[in-house]
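Engineer: Sharing target_24.cif below, mmCIF, C-alpha atoms:
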data_model
loop_
_atom_site.label_atom_id
_atom_site.label_comp_id
_atom_site.auth_asym_id
_atom_site.auth_seq_id
_atom_site.Cartn_x
_atom_site.Cartn_y
_atom_site.Cartn_z
CA MET A 1 9.23 -13.32 5.71
CA ASP A 2 5.52 -14.08 6.25
CA MET A 3 2.86 -11.38 6.40
CA LYS A 4 2.73 -11.26 10.21
CA GLU A 5 6.49 -10.62 10.25
CA ARG A 6 6.02 -7.93 7.63
CA PHE A 7 3.35 -6.26 9.78
CA SER A 8 5.75 -6.29 12.76
CA SER A 9 8.46 -4.68 10.66
CA LEU A 10 6.25 -1.63 10.04
CA THR A 11 7.23 0.14 13.25
CA GLN A 12 5.71 3.44 12.14
CA ILE A 13 2.26 1.81 12.27
CA PRO A 14 1.09 1.16 15.84
CA GLU A 15 -0.47 -2.14 16.89
CA PHE A 16 -4.16 -2.16 16.02
CA THR A 17 -5.13 -2.59 19.69
CA SER A 18 -3.62 0.82 20.48
CA THR A 19 -6.31 2.54 18.39
CA PHE A 20 -9.04 2.10 20.98
CA SER A 21 -9.33 2.46 24.73
CA ASP A 22 -12.75 0.87 25.19
CA PRO A 23 -12.09 -2.80 26.03
CA ALA A 24 -15.54 -3.72 24.68
CA VAL A 25 -14.25 -3.13 21.15
CA ALA A 26 -11.93 -6.09 21.57
CA GLU A 27 -14.79 -8.41 22.50
CA THR A 28 -17.53 -9.99 20.45
CA ALA A 29 -20.97 -8.47 20.88
CA GLY A 30 -23.25 -11.45 20.22
CA MET A 31 -23.20 -13.71 17.22
CA ASP A 32 -24.96 -12.75 13.99
CA VAL A 33 -23.11 -14.32 11.05
CA MET A 34 -21.57 -17.76 10.90
CA GLN A 35 -19.29 -17.54 7.89
CA ILE A 36 -18.29 -20.98 6.72
CA ASN A 37 -15.41 -21.44 4.33
CA VAL A 38 -16.22 -24.83 2.82
CA GLY A 39 -12.92 -25.11 0.97
CA ARG A 40 -10.20 -23.41 -0.97
CA LEU A 41 -10.84 -25.31 -4.18
CA CYS A 42 -11.91 -22.92 -6.96
CA ASN A 43 -12.12 -22.93 -10.74
CA LEU A 44 -10.55 -19.45 -10.76
CA ALA A 45 -7.34 -18.08 -9.23
CA CYS A 46 -8.11 -14.38 -8.77
CA LYS A 47 -5.23 -12.01 -8.19
CA HIS A 48 -6.77 -10.44 -5.10
CA CYS A 49 -7.91 -13.67 -3.39
CA HIS A 50 -6.95 -13.47 0.29
CA VAL A 51 -7.33 -17.23 0.84
CA GLY A 52 -5.27 -18.10 -2.23
CA ALA A 53 -8.03 -20.27 -3.67
CA GLY A 54 -7.52 -22.09 -6.96
CA PRO A 55 -7.93 -25.30 -8.97
CA ASN A 56 -4.98 -26.99 -7.27
CA ARG A 57 -6.14 -26.49 -3.69
CA THR A 58 -7.18 -29.66 -1.90
CA GLU A 59 -8.65 -28.27 1.35
CA VAL A 60 -12.37 -29.15 1.28
CA MET A 61 -14.74 -29.22 4.26
CA GLY A 62 -16.16 -32.62 5.18
CA ARG A 63 -19.75 -33.36 6.15
CA ASP A 64 -18.77 -33.90 9.82
CA VAL A 65 -17.61 -30.27 10.06
CA MET A 66 -20.78 -29.07 8.33
CA GLU A 67 -22.94 -31.01 10.78
CA ALA A 68 -21.05 -29.43 13.68
CA CYS A 69 -21.59 -25.97 12.13
CA LEU A 70 -25.34 -26.56 12.04
CA LYS A 71 -25.35 -27.59 15.72
CA VAL A 72 -23.38 -24.53 16.78
CA TYR A 73 -25.62 -22.31 14.67
CA ARG A 74 -28.66 -23.56 16.59
CA ASN A 75 -27.01 -23.15 20.02
CA GLN A 76 -25.39 -19.77 19.77
CA GLY A 77 -28.01 -17.35 18.47
CA PHE A 78 -26.76 -16.75 14.95
CA SER A 79 -29.15 -15.33 12.35
CA THR A 80 -27.17 -15.75 9.11
CA ILE A 81 -25.23 -18.56 7.49
CA ASP A 82 -22.71 -17.17 5.01
CA ILE A 83 -21.15 -19.86 2.82
CA THR A 84 -17.91 -18.99 1.08
CA GLY A 85 -14.75 -20.57 -0.38
CA GLY A 86 -13.02 -20.99 -2.85
CA ALA A 87 -15.92 -21.75 -5.09
CA PRO A 88 -18.19 -23.19 -2.39
CA GLU A 89 -20.21 -25.02 -5.03
CA MET A 90 -17.22 -27.29 -5.72
CA ASN A 91 -17.51 -28.91 -2.30
CA PRO A 92 -19.14 -32.32 -2.97
CA ASP A 93 -21.50 -31.84 -0.01
CA PHE A 94 -22.47 -28.30 -0.98
CA ARG A 95 -26.06 -29.03 -2.03
CA TRP A 96 -26.68 -31.18 1.04
CA PHE A 97 -25.30 -28.47 3.29
CA VAL A 98 -27.43 -25.73 1.71
CA ASP A 99 -30.50 -27.94 2.07
CA GLU A 100 -29.80 -28.48 5.77
CA ALA A 101 -28.84 -24.85 6.40
CA CYS A 102 -32.11 -23.63 4.89
CA LYS A 103 -34.07 -25.86 7.26
CA ILE A 104 -32.77 -23.99 10.31
CA CYS A 105 -31.85 -20.56 8.96
CA ASP A 106 -33.98 -17.96 7.13
CA HIS A 107 -30.98 -16.07 5.81
CA VAL A 108 -28.49 -18.20 3.92
CA ILE A 109 -25.89 -16.40 1.80
CA VAL A 110 -23.71 -18.05 -0.83
CA ARG A 111 -20.70 -16.19 -2.19
CA THR A 112 -20.25 -17.30 -5.78
CA ASN A 113 -17.79 -16.50 -8.52
CA LEU A 114 -20.71 -16.91 -11.00
CA VAL A 115 -18.72 -18.66 -13.71
CA ILE A 116 -18.75 -21.98 -11.85
CA MET A 117 -22.42 -22.15 -12.88
CA LEU A 118 -21.38 -22.58 -16.52
CA GLU A 119 -19.24 -25.63 -15.77
CA GLU A 120 -20.50 -29.16 -16.35
CA GLY A 121 -22.24 -30.48 -13.25
CA PHE A 122 -23.05 -27.02 -11.92
CA THR A 123 -25.48 -25.58 -14.47
CA ASP A 124 -28.51 -26.39 -12.30
CA LEU A 125 -27.31 -24.08 -9.52
CA PRO A 126 -29.21 -20.93 -10.54
CA GLU A 127 -32.51 -22.84 -10.15
CA PHE A 128 -31.18 -24.50 -6.98
CA TYR A 129 -30.47 -21.07 -5.51
CA ARG A 130 -33.87 -19.77 -6.55
CA ASP A 131 -35.69 -22.75 -5.05
CA HIS A 132 -33.87 -22.28 -1.72
CA LYS A 133 -34.23 -18.46 -1.81
CA ILE A 134 -30.48 -18.15 -1.28
CA GLU A 135 -29.12 -14.62 -1.08
CA VAL A 136 -26.47 -14.61 -3.77
CA PHE A 137 -23.32 -12.52 -3.39
CA CYS A 138 -21.37 -12.46 -6.61
CA SER A 139 -17.99 -10.98 -7.40
CA LEU A 140 -17.79 -8.50 -10.23
CA PRO A 141 -14.78 -6.25 -9.75
CA HIS A 142 -15.84 -3.84 -12.49
CA TYR A 143 -18.52 -3.18 -15.06
CA LYS A 144 -15.89 -3.29 -17.79
CA ALA A 145 -14.45 -6.53 -19.14
CA LYS A 146 -10.83 -5.41 -19.16
CA THR A 147 -10.65 -4.58 -15.46
CA THR A 148 -12.61 -7.64 -14.37
CA ASP A 149 -10.59 -10.02 -16.55
CA ARG A 150 -7.30 -8.54 -15.35
CA GLN A 151 -8.25 -9.51 -11.80
CA ARG A 152 -10.19 -12.74 -12.37
CA GLY A 153 -8.96 -14.24 -15.65
CA LEU A 154 -9.60 -14.14 -19.38
CA ASN A 155 -13.27 -13.93 -20.44
CA VAL A 156 -14.52 -14.13 -16.85
CA PHE A 157 -16.45 -10.89 -17.32
CA GLU A 158 -18.33 -12.12 -20.37
CA ARG A 159 -19.17 -15.43 -18.71
CA SER A 160 -20.19 -13.67 -15.47
CA ILE A 161 -22.61 -11.49 -17.41
CA LYS A 162 -24.25 -14.60 -18.91
CA VAL A 163 -24.83 -16.07 -15.46
CA ILE A 164 -26.16 -12.82 -14.02
CA GLN A 165 -28.59 -12.58 -16.92
CA LYS A 166 -29.74 -16.12 -16.15
CA LEU A 167 -30.21 -15.23 -12.47
CA ASN A 168 -32.21 -12.16 -13.54
CA GLU A 169 -34.43 -14.35 -15.74
CA LEU A 170 -35.17 -16.51 -12.69
CA GLY A 171 -36.18 -13.43 -10.70
CA TYR A 172 -32.94 -12.55 -8.93
CA GLY A 173 -32.58 -8.79 -8.49
CA ARG A 174 -36.27 -8.41 -9.40
CA ASP A 175 -38.30 -10.52 -6.98
CA PRO A 176 -37.89 -9.09 -3.44
CA GLU A 177 -37.33 -12.61 -2.12
CA LEU A 178 -34.44 -13.28 -4.52
CA VAL A 179 -31.62 -10.97 -3.54
CA LEU A 180 -28.62 -10.58 -5.80
CA ASN A 181 -25.72 -8.53 -4.44
CA MET A 182 -22.47 -7.69 -6.13
CA VAL A 183 -19.06 -7.22 -4.60
CA TYR A 184 -16.51 -4.72 -5.86
CA ASN A 185 -12.83 -5.20 -5.04
CA PRO A 186 -10.29 -2.62 -6.21
CA ALA A 187 -8.12 -4.04 -8.99
CA GLY A 188 -4.90 -2.82 -7.40
CA ALA A 189 -3.20 -1.02 -4.52
CA PHE A 190 -5.86 1.58 -3.96
CA PHE A 191 -9.06 1.93 -1.93
CA PRO A 192 -12.59 1.33 -3.17
CA PRO A 193 -14.79 4.21 -4.31
CA ASP A 194 -17.78 5.53 -2.43
CA GLN A 195 -20.20 2.59 -2.23
CA THR A 196 -23.37 4.46 -3.21
CA THR A 197 -21.72 6.29 -6.12
CA MET A 198 -20.26 3.06 -7.47
CA GLU A 199 -23.54 1.20 -7.05
CA ASN A 200 -25.25 3.86 -9.16
CA GLU A 201 -22.52 3.55 -11.81
CA TYR A 202 -22.87 -0.23 -11.89
CA LYS A 203 -26.66 -0.11 -12.09
CA THR A 204 -26.62 2.48 -14.87
CA ILE A 205 -23.97 0.81 -17.02
CA LEU A 206 -24.86 -2.86 -16.48
CA GLY A 207 -28.53 -2.02 -16.99
CA ARG A 208 -27.85 -0.05 -20.17
CA ASP A 209 -25.34 -2.44 -21.74
CA TYR A 210 -26.60 -5.84 -20.59
CA GLY A 211 -30.09 -5.33 -19.15
CA ILE A 212 -28.82 -6.48 -15.75
CA GLU A 213 -30.57 -5.74 -12.47
CA PHE A 214 -29.28 -6.37 -8.97
CA ASN A 215 -29.96 -5.24 -5.40
CA ASN A 216 -26.83 -3.87 -3.77
CA LEU A 217 -23.20 -3.31 -4.58
CA PHE A 218 -20.79 -3.76 -1.70
CA THR A 219 -17.37 -2.18 -2.00
CA ILE A 220 -14.66 -4.03 -0.10
CA THR A 221 -11.19 -2.80 0.76
CA ASN A 222 -8.56 -5.33 -0.29
CA ASN A 223 -6.93 -6.83 2.77
CA PRO A 224 -3.10 -6.83 2.60
CA ILE A 225 -2.80 -10.59 2.94
CA GLY A 226 -2.93 -13.67 0.70
CA ARG A 227 -2.42 -13.16 -3.01
CA PHE A 228 -3.15 -9.45 -2.76
CA GLY A 229 -0.53 -9.13 -0.02
CA GLU A 230 1.98 -10.95 -2.22
CA PHE A 231 1.20 -8.52 -5.04
CA LEU A 232 1.78 -5.57 -2.70
CA VAL A 233 5.17 -6.93 -1.69
CA ARG A 234 6.17 -7.87 -5.25
CA SER A 235 5.19 -4.49 -6.66
CA ASP A 236 6.83 -2.55 -3.80
CA ASN A 237 3.44 -1.18 -2.72
CA PHE A 238 3.18 -2.96 0.64
CA GLU A 239 4.49 -0.25 2.93
CA SER A 240 2.74 2.62 1.16
CA TYR A 241 -0.56 0.68 1.15
CA MET A 242 -0.24 -0.04 4.88
CA ASN A 243 0.62 3.61 5.53
CA LYS A 244 -2.49 4.64 3.59
CA LEU A 245 -4.66 2.21 5.55
CA TYR A 246 -3.35 3.59 8.82
CA ALA A 247 -3.69 7.21 7.69
CA ALA A 248 -7.33 6.50 6.75
CA PHE A 249 -8.14 4.89 10.12
CA ASN A 250 -11.65 5.90 11.14
CA PRO A 251 -12.56 5.23 14.79
CA ALA A 252 -16.26 5.39 13.90
CA THR A 253 -15.89 2.03 12.14
CA LEU A 254 -14.63 0.14 15.22
CA GLU A 255 -18.01 -0.64 16.70
CA ASN A 256 -19.30 -2.33 13.55
CA MET A 257 -16.25 -4.38 12.64
CA MET A 258 -17.62 -7.68 11.34
CA CYS A 259 -15.47 -9.73 13.70
CA ARG A 260 -17.55 -8.44 16.63
CA THR A 261 -20.62 -10.40 15.50
CA GLN A 262 -19.12 -13.16 13.39
CA LEU A 263 -17.58 -16.57 13.71
CA SER A 264 -15.49 -17.81 10.79
CA VAL A 265 -15.21 -21.57 10.33
CA GLY A 266 -12.35 -23.08 8.35
CA TRP A 267 -12.62 -26.13 6.10
CA ASP A 268 -11.15 -28.32 8.86
CA GLY A 269 -13.36 -26.97 11.65
CA LEU A 270 -10.81 -24.55 13.08
CA LEU A 271 -12.33 -21.25 14.19
CA TYR A 272 -11.37 -17.67 13.51
CA ASP A 273 -12.71 -14.19 14.21
CA CYS A 274 -13.02 -13.49 10.47
CA ASP A 275 -12.07 -14.85 7.06
CA PHE A 276 -8.97 -12.62 6.98
CA ASN A 277 -7.71 -14.06 10.26
CA GLN A 278 -8.43 -17.47 8.77
CA ALA A 279 -6.18 -16.66 5.81
CA LEU A 280 -3.45 -15.58 8.25
CA ASP A 281 -3.96 -18.71 10.40
CA MET A 282 -4.85 -16.56 13.45
CA LYS A 283 -7.24 -18.84 15.36
CA ILE A 284 -9.69 -17.60 17.99
CA GLU A 285 -8.02 -16.94 21.31
CA SER A 286 -9.27 -20.12 23.03
CA GLY A 287 -8.08 -22.35 20.18
CA GLU A 288 -11.42 -24.22 20.27
CA THR A 289 -12.68 -25.93 17.13
CA ILE A 290 -16.26 -26.14 15.89
CA PHE A 291 -16.46 -29.60 17.48
CA ASP A 292 -15.62 -28.13 20.90
CA MET A 293 -18.56 -25.74 20.62
CA THR A 294 -21.41 -28.00 19.56
CA ASP A 295 -22.96 -28.20 23.04
CA LYS A 296 -21.96 -24.79 24.31
CA PRO A 297 -23.96 -21.57 24.49
CA TYR A 298 -22.46 -18.34 23.18
CA VAL A 299 -19.80 -16.81 25.38
CA PRO A 300 -18.20 -13.48 24.42
CA ARG A 301 -14.62 -13.92 23.25
CA ARG A 302 -11.66 -11.63 22.90
CA ILE A 303 -10.92 -10.86 19.25
CA CYS A 304 -7.43 -11.42 17.81
CA PHE A 305 -6.12 -8.39 15.91
CA ASN A 306 -3.09 -7.56 13.79
CA LYS A 307 -2.21 -4.70 11.46
CA HIS A 308 -4.27 -6.14 8.58
CA CYS A 309 -7.30 -5.06 10.64
CA TYR A 310 -6.65 -1.49 9.48
CA ALA A 311 -8.22 -2.60 6.16
CA CYS A 312 -11.57 -2.96 7.94
CA THR A 313 -11.35 0.47 9.59
CA ALA A 314 -10.07 2.66 6.74
CA GLY A 315 -12.37 5.39 5.47
CA ALA A 316 -15.98 4.26 5.53
CA GLY A 317 -14.90 0.87 6.90
CA SER A 318 -15.03 -2.48 5.15
CA SER A 319 -16.52 -5.90 5.75
CA CYS A 320 -17.83 -8.85 3.77
CA GLY A 321 -21.06 -6.82 3.64
CA GLY A 322 -19.48 -3.60 2.40
CA THR A 323 -18.94 -0.37 4.32
CA THR A 324 -19.52 -0.28 8.08
CA GLU A 325 -19.51 3.35 9.19
CA MET B 1 18.50 17.37 -2.52
CA LYS B 2 19.10 15.26 -5.62
CA THR B 3 16.11 16.46 -7.60
CA TYR B 4 13.72 19.38 -7.42
CA TYR B 5 10.76 16.98 -7.50
CA ASN B 6 10.64 14.38 -4.70
CA PRO B 7 7.58 12.10 -4.32
CA ASP B 8 7.84 12.34 -0.52
CA ASP B 9 7.31 16.09 -0.76
CA LEU B 10 3.66 15.51 -1.60
CA ASP B 11 3.12 14.46 2.02
CA LYS B 12 4.66 17.77 3.13
CA PHE B 13 2.12 19.86 1.25
CA ALA B 14 0.40 20.89 4.48
CA THR B 15 3.61 22.50 5.73
CA MET B 16 2.67 25.37 3.42
CA GLY B 17 0.25 26.32 6.19
CA GLU B 18 2.96 26.74 8.82
CA GLU B 19 3.67 30.42 8.19
CA ALA B 20 0.20 31.37 6.98
CA PRO B 21 -2.36 29.13 8.68
CA ALA B 22 -5.37 31.32 7.92
CA LEU B 23 -4.55 31.44 4.22
CA TRP B 24 -3.92 27.68 4.20
CA ASP B 25 -7.21 26.95 5.94
CA ALA B 26 -9.04 29.20 3.50
CA PHE B 27 -7.36 27.43 0.58
CA MET B 28 -8.23 23.98 1.96
CA ALA B 29 -11.85 24.94 2.59
CA TYR B 30 -12.13 26.31 -0.93
CA TYR B 31 -10.34 23.32 -2.46
CA GLY B 32 -12.50 20.85 -0.57
CA GLY B 33 -15.67 22.64 -1.56
CA VAL B 34 -14.67 22.80 -5.21
CA MET B 35 -13.83 19.09 -5.43
CA ALA B 36 -16.99 17.87 -3.68
CA ASP B 37 -20.13 16.74 -5.49
CA GLY B 38 -22.00 19.72 -6.92
CA ALA B 39 -23.48 20.43 -10.33
CA LEU B 40 -20.61 18.24 -11.48
CA THR B 41 -19.90 14.99 -9.67
CA ALA B 42 -16.71 14.57 -7.64
CA ARG B 43 -15.81 11.89 -10.18
CA GLU B 44 -16.08 14.31 -13.12
CA LYS B 45 -14.08 16.89 -11.20
CA ALA B 46 -11.32 14.39 -10.50
CA LEU B 47 -11.00 13.73 -14.24
CA ILE B 48 -10.82 17.48 -14.94
CA ALA B 49 -8.14 17.78 -12.24
CA LEU B 50 -6.20 14.89 -13.79
CA ALA B 51 -6.33 16.57 -17.21
CA ILE B 52 -5.08 19.87 -15.78
CA ALA B 53 -2.34 18.07 -13.85
CA HIS B 54 -1.03 16.85 -17.20
CA ALA B 55 -1.54 20.14 -19.01
CA ASP B 56 0.43 21.94 -16.29
CA LYS B 57 2.86 18.99 -16.01
CA CYS B 58 2.66 18.72 -12.21
CA PRO B 59 4.09 15.34 -11.11
CA TYR B 60 2.59 15.70 -7.64
CA CYS B 61 -0.88 16.26 -9.06
CA ILE B 62 -0.51 13.47 -11.64
CA ASP B 63 0.44 11.04 -8.84
CA SER B 64 -2.28 12.29 -6.53
CA TYR B 65 -5.12 12.44 -9.06
CA THR B 66 -4.27 9.14 -10.72
CA GLN B 67 -4.70 7.55 -7.29
CA THR B 68 -7.82 9.58 -6.61
CA CYS B 69 -9.33 8.50 -9.93
CA LEU B 70 -8.55 4.82 -9.29
CA GLN B 71 -10.09 5.12 -5.85
CA MET B 72 -13.22 6.58 -7.43
CA GLY B 73 -13.57 3.57 -9.70
CA ILE B 74 -12.40 5.49 -12.77
CA ASP B 75 -10.50 3.20 -15.09
CA GLU B 76 -7.44 3.73 -17.27
CA GLU B 77 -9.51 4.18 -20.43
CA GLU B 78 -11.41 7.11 -18.91
CA MET B 79 -8.22 8.65 -17.51
CA THR B 80 -6.48 8.31 -20.87
CA GLU B 81 -9.34 10.12 -22.59
CA ALA B 82 -9.10 12.93 -20.03
CA VAL B 83 -5.37 13.30 -20.78
CA HIS B 84 -6.22 13.39 -24.49
CA VAL B 85 -8.64 16.26 -23.79
CA ALA B 86 -5.74 18.13 -22.17
CA ALA B 87 -3.48 17.28 -25.11
CA ALA B 88 -6.09 18.31 -27.68
CA MET B 89 -6.65 21.61 -25.87
CA LYS B 90 -2.92 22.24 -25.75
CA ALA B 91 -2.66 21.51 -29.49
CA GLY B 92 -5.65 23.73 -30.28
CA ILE B 93 -4.36 26.52 -28.07
CA THR B 94 -0.98 26.35 -29.82
CA LEU B 95 -2.55 26.35 -33.27
CA VAL B 96 -5.03 29.17 -32.60
CA HIS B 97 -2.07 31.37 -31.61
CA GLY B 98 -0.89 30.78 -35.17
CA VAL B 99 -3.59 33.27 -36.17
CA GLN B 100 -1.54 35.96 -34.42
CA MET B 101 1.48 34.84 -36.41
CA LYS B 102 -0.57 35.10 -39.61
CA ASN B 103 -1.91 38.53 -38.64
CA ILE B 104 1.64 39.81 -38.14
CA VAL B 105 2.81 38.22 -41.39
CA ASP B 106 -0.12 39.85 -43.20
CA LYS B 107 0.73 43.24 -41.71
CA LEU B 108 4.44 43.08 -42.45
CA GLU B 109 4.65 41.34 -45.81
CA MET B 110 4.27 43.29 -49.01
#
As structure tokens, please, write out the structure in this file.

Structural biologist:
Amino acid sequence: MDMKERFSSLTQIPEFTSTFSDPAVAETAGMDVMQINVGRLCNLACKHCHVGAGPNRTEVMGRDVMEACLKVYRNQGFSTIDITGGAPEMNPDFRWFVDEACKICDHVIVRTNLVIMLEEGFTDLPEFYRDHKIEVFCSLPHYKAKTTDRQRGLNVFERSIKVIQKLNELGYGRDPELVLNMVYNPAGAFFPPDQTTMENEYKTILGRDYGIEFNNLFTITNNPIGRFGEFLVRSDNFESYMNKLYAAFNPATLENMMCRTQLSVGWDGLLYDCDFNQALDMKIESGETIFDMTDKPYVPRRICFNKHCYACTAGAGSSCGGTTE
Amino acid sequence: MKTYYNPDDLDKFATMGEEAPALWDAFMAYYGGVMADGALTAREKALIALAIAHADKCPYCIDSYTQTCLQMGIDEEEMTEAVHVAAAMKAGITLVHGVQMKNIVDKLEM
């Protein structure tokens, strides 16, 4: 049974579209972020990864797709390019793409697992990011090694700390032009803590123990798909987690759901309303690819929903940029 | 009913308000106020609640406050220490009552 079939089997949880009556909620409201998943290849295989990234994945975006992304970015009024993966740095055209993206976009984000920057061939990336004034989003599931390593792999915490310290030395988290954000994912079948409280905890403890500085911590609710979804099923937590998501539904988060202002591009140029839909292979309603859009202006589109969308509307809401309420 | 304690009963807690809604509402308002950030943080209060849940051996509260603690970013090490505080208090409380035993022994023995 795949995840979409599992969602259908939860008859006590209504379809996500029944939670709102305003049809505008189901439509995009202008494009802000183009999130580009440049491949599922990664040097880690984190337990919560919704795209199932890892060292054995072969899906890697080609330069033709990247070029099409840049054209669509120019035509459709986006303001941010958000590059993710996998470990996006492992795409052979990554540096070229960042160079080109920075020529047309003032706000380029790269989502990094940090530890890739300790691998041979990637150690120049901290300076590369600094020189391009890339906004760096890094994953650090906890300020303690045990919790981080349980989710991301042995010694990942210690190695992540080394890279963050290097980024700090280069000015990240200190120079206003060099923004370093961290992402917190719960290490299990529970919701994230209050974002501000946890940010204060992180800043206090990482500053005290490692001299680390950063800008913002974003807490993200784990989406019940991909590897995390498999964990929920395997550990018999799937139904109770979905029930909790539904019980925590907050209508105030609907307006700011990230899918309303985002286009998610897959490694092969297929398009999705968000990275979670991408992981579930739920393409945008029209089925167009990035190549179909290169000469088109922005046109509002109807968003495709399923029950995993309750993860973005639980409590204070959740997105790739943290809470949304 | 196979057991007195059923995990699903936790979700029925609010039914305690059915025959006494005013008392239930007053309890919930008080409970919510107590557990919110104050001179102590909500995080610290959750750890106290977890310790008391163990001291009073309430399976509902252990389930509920373990989840609450995880959701507040509290890790297993911190929760374990809180349970040890409860255990240490229980041990100390037991031992200090030994003074009563000694007082009685002193009074009765020749």

Engineer: Scan for residues within 12 Å of the point (9.0, 13.4, -4.4) in the coordinates of the file, using all atoms listed in the file, and reply as a list of chain:residue names.

Structural biologist: B:Met1, B:Lys2, B:Thr3, B:Tyr4, B:Tyr5, B:Asn6, B:Pro7, B:Asp8, B:Asp9, B:Leu10, B:Asp11, B:Lys12, B:Phe13, B:Cys58, B:Pro59, B:Tyr60, B:Cys61, B:Ile62, B:Asp63, B:Ser64

Engineer: For the structure shown, which residues end up in the PyMOL selection byres ((chain A and resi 189) around 8)? Put them as a ChimeraX atom specification, please?

Structural biologist: /A:186-188,190-191,232,237,241

Engineer: Kindly assemble as a tab-separated table a list of the chain A residues that lie within 12 Å of chain B, each paired with its nearest atom pair and their distance in Å to one decimal, using only C-alpha atoms, sorted first by chain and then by ascending residue number.

Structural biologist:
residue	atom	partner	partner_atom	distance
A:Pro141	CA	B:Gly73	CA	9.9
A:His142	CA	B:Gly73	CA	8.2
A:Tyr143	CA	B:Gly73	CA	9.9
A:Lys144	CA	B:Asp75	CA	8.9
A:Ala145	CA	B:Asp75	CA	11.3
A:Lys146	CA	B:Asp75	CA	9.5
A:Thr147	CA	B:Asp75	CA	7.8
A:Thr148	CA	B:Asp75	CA	11.1
A:Tyr184	CA	B:Gly73	CA	9.6
A:Asn185	CA	B:Gly73	CA	10.0
A:Pro186	CA	B:Gln71	CA	7.8
A:Ala187	CA	B:Leu70	CA	8.9
A:Gly188	CA	B:Leu70	CA	8.7
A:Ala189	CA	B:Gln67	CA	9.1
A:Phe190	CA	B:Gln71	CA	5.8
A:Phe191	CA	B:Gln71	CA	5.2
A:Pro192	CA	B:Gln71	CA	5.3
A:Pro193	CA	B:Met72	CA	4.2
A:Asp194	CA	B:Met72	CA	6.8
A:Gln195	CA	B:Met72	CA	9.6
A:Thr196	CA	B:Met72	CA	11.2
A:Thr197	CA	B:Met72	CA	8.6
A:Met198	CA	B:Gly73	CA	7.1
A:Glu199	CA	B:Gly73	CA	10.6
A:Asn200	CA	B:Gly73	CA	11.7
A:Glu201	CA	B:Gly73	CA	9.2
A:Tyr202	CA	B:Gly73	CA	10.3
A:Thr219	CA	B:Gly73	CA	10.3
A:Ile220	CA	B:Gln71	CA	11.7
A:Thr221	CA	B:Gln71	CA	10.4
A:Asn222	CA	B:Gln71	CA	11.9
A:Ser240	CA	B:Asp8	CA	11.1
A:Tyr241	CA	B:Gln67	CA	11.6
A:Asn243	CA	B:Asp11	CA	11.7
A:Lys244	CA	B:Asp11	CA	11.4
A:Ala247	CA	B:Asp11	CA	11.4
A:Gly315	CA	B:Gln71	CA	11.6

Engineer: At a cut-off of 9 Å around the point (-17.9, -3.2, 5.5) (file coordinates), what residues fall inside when counting all atoms listed in the file? I'd like the answer as a PDB file with C-alpha atoms, in the frame of the given file.

Structural biologist:
ATOM      1  CA  PHE A 218     -20.790  -3.760  -1.700  1.00  0.00           C
ATOM      2  CA  THR A 219     -17.370  -2.180  -2.000  1.00  0.00           C
ATOM      3  CA  ILE A 220     -14.660  -4.030  -0.100  1.00  0.00           C
ATOM      4  CA  THR A 221     -11.190  -2.800   0.760  1.00  0.00           C
ATOM      5  CA  THR A 253     -15.890   2.030  12.140  1.00  0.00           C
ATOM      6  CA  ASN A 256     -19.300  -2.330  13.550  1.00  0.00           C
ATOM      7  CA  MET A 257     -16.250  -4.380  12.640  1.00  0.00           C
ATOM      8  CA  MET A 258     -17.620  -7.680  11.340  1.00  0.00           C
ATOM      9  CA  CYS A 312     -11.570  -2.960   7.940  1.00  0.00           C
ATOM     10  CA  THR A 313     -11.350   0.470   9.590  1.00  0.00           C
ATOM     11  CA  ALA A 316     -15.980   4.260   5.530  1.00  0.00           C
ATOM     12  CA  GLY A 317     -14.900   0.870   6.900  1.00  0.00           C
ATOM     13  CA  SER A 318     -15.030  -2.480   5.150  1.00  0.00           C
ATOM     14  CA  SER A 319     -16.520  -5.900   5.750  1.00  0.00           C
ATOM     15  CA  CYS A 320     -17.830  -8.850   3.770  1.00  0.00           C
ATOM     16  CA  GLY A 321     -21.060  -6.820   3.640  1.00  0.00           C
ATOM     17  CA  GLY A 322     -19.480  -3.600   2.400  1.00  0.00           C
ATOM     18  CA  THR A 323     -18.940  -0.370   4.320  1.00  0.00           C
ATOM     19  CA  THR A 324     -19.520  -0.280   8.080  1.00  0.00           C
ATOM     20  CA  GLU A 325     -19.510   3.350   9.190  1.00  0.00           C
TER      21      GLU A 325
END

Engineer: Given the file above and the PyMOL selection byres ((chain A and resi 31) around 8), which residues are selected, and can you give them as JSON, numbers by chain?

Structural biologist: {"A": [28, 29, 30, 32, 33, 34, 76, 77, 78, 79, 260, 261, 262, 263, 298]}

Engineer: Name the residues captured by the PyMOL selection byres ((chain B and resi 85) around 12) when it is applied to the shown file; answer as a compact mmCIF listing (two decimals) with C-alpha atoms, in the coordinates of the input.

Structural biologist:
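The resulting expr23.txt:
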# COMPACT_ATOMS: atom_id res chain seq x y z
CA LEU B 47 -11.00 13.73 -14.24
CA ILE B 48 -10.82 17.48 -14.94
CA ALA B 49 -8.14 17.78 -12.24
CA LEU B 50 -6.20 14.89 -13.79
CA ALA B 51 -6.33 16.57 -17.21
CA ILE B 52 -5.08 19.87 -15.78
CA ALA B 53 -2.34 18.07 -13.85
CA HIS B 54 -1.03 16.85 -17.20
CA ALA B 55 -1.54 20.14 -19.01
CA GLU B 78 -11.41 7.11 -18.91
CA MET B 79 -8.22 8.65 -17.51
CA THR B 80 -6.48 8.31 -20.87
CA GLU B 81 -9.34 10.12 -22.59
CA ALA B 82 -9.10 12.93 -20.03
CA VAL B 83 -5.37 13.30 -20.78
CA HIS B 84 -6.22 13.39 -24.49
CA ALA B 86 -5.74 18.13 -22.17
CA ALA B 87 -3.48 17.28 -25.11
CA ALA B 88 -6.09 18.31 -27.68
CA MET B 89 -6.65 21.61 -25.87
CA LYS B 90 -2.92 22.24 -25.75
CA ALA B 91 -2.66 21.51 -29.49
CA GLY B 92 -5.65 23.73 -30.28
CA ILE B 93 -4.36 26.52 -28.07
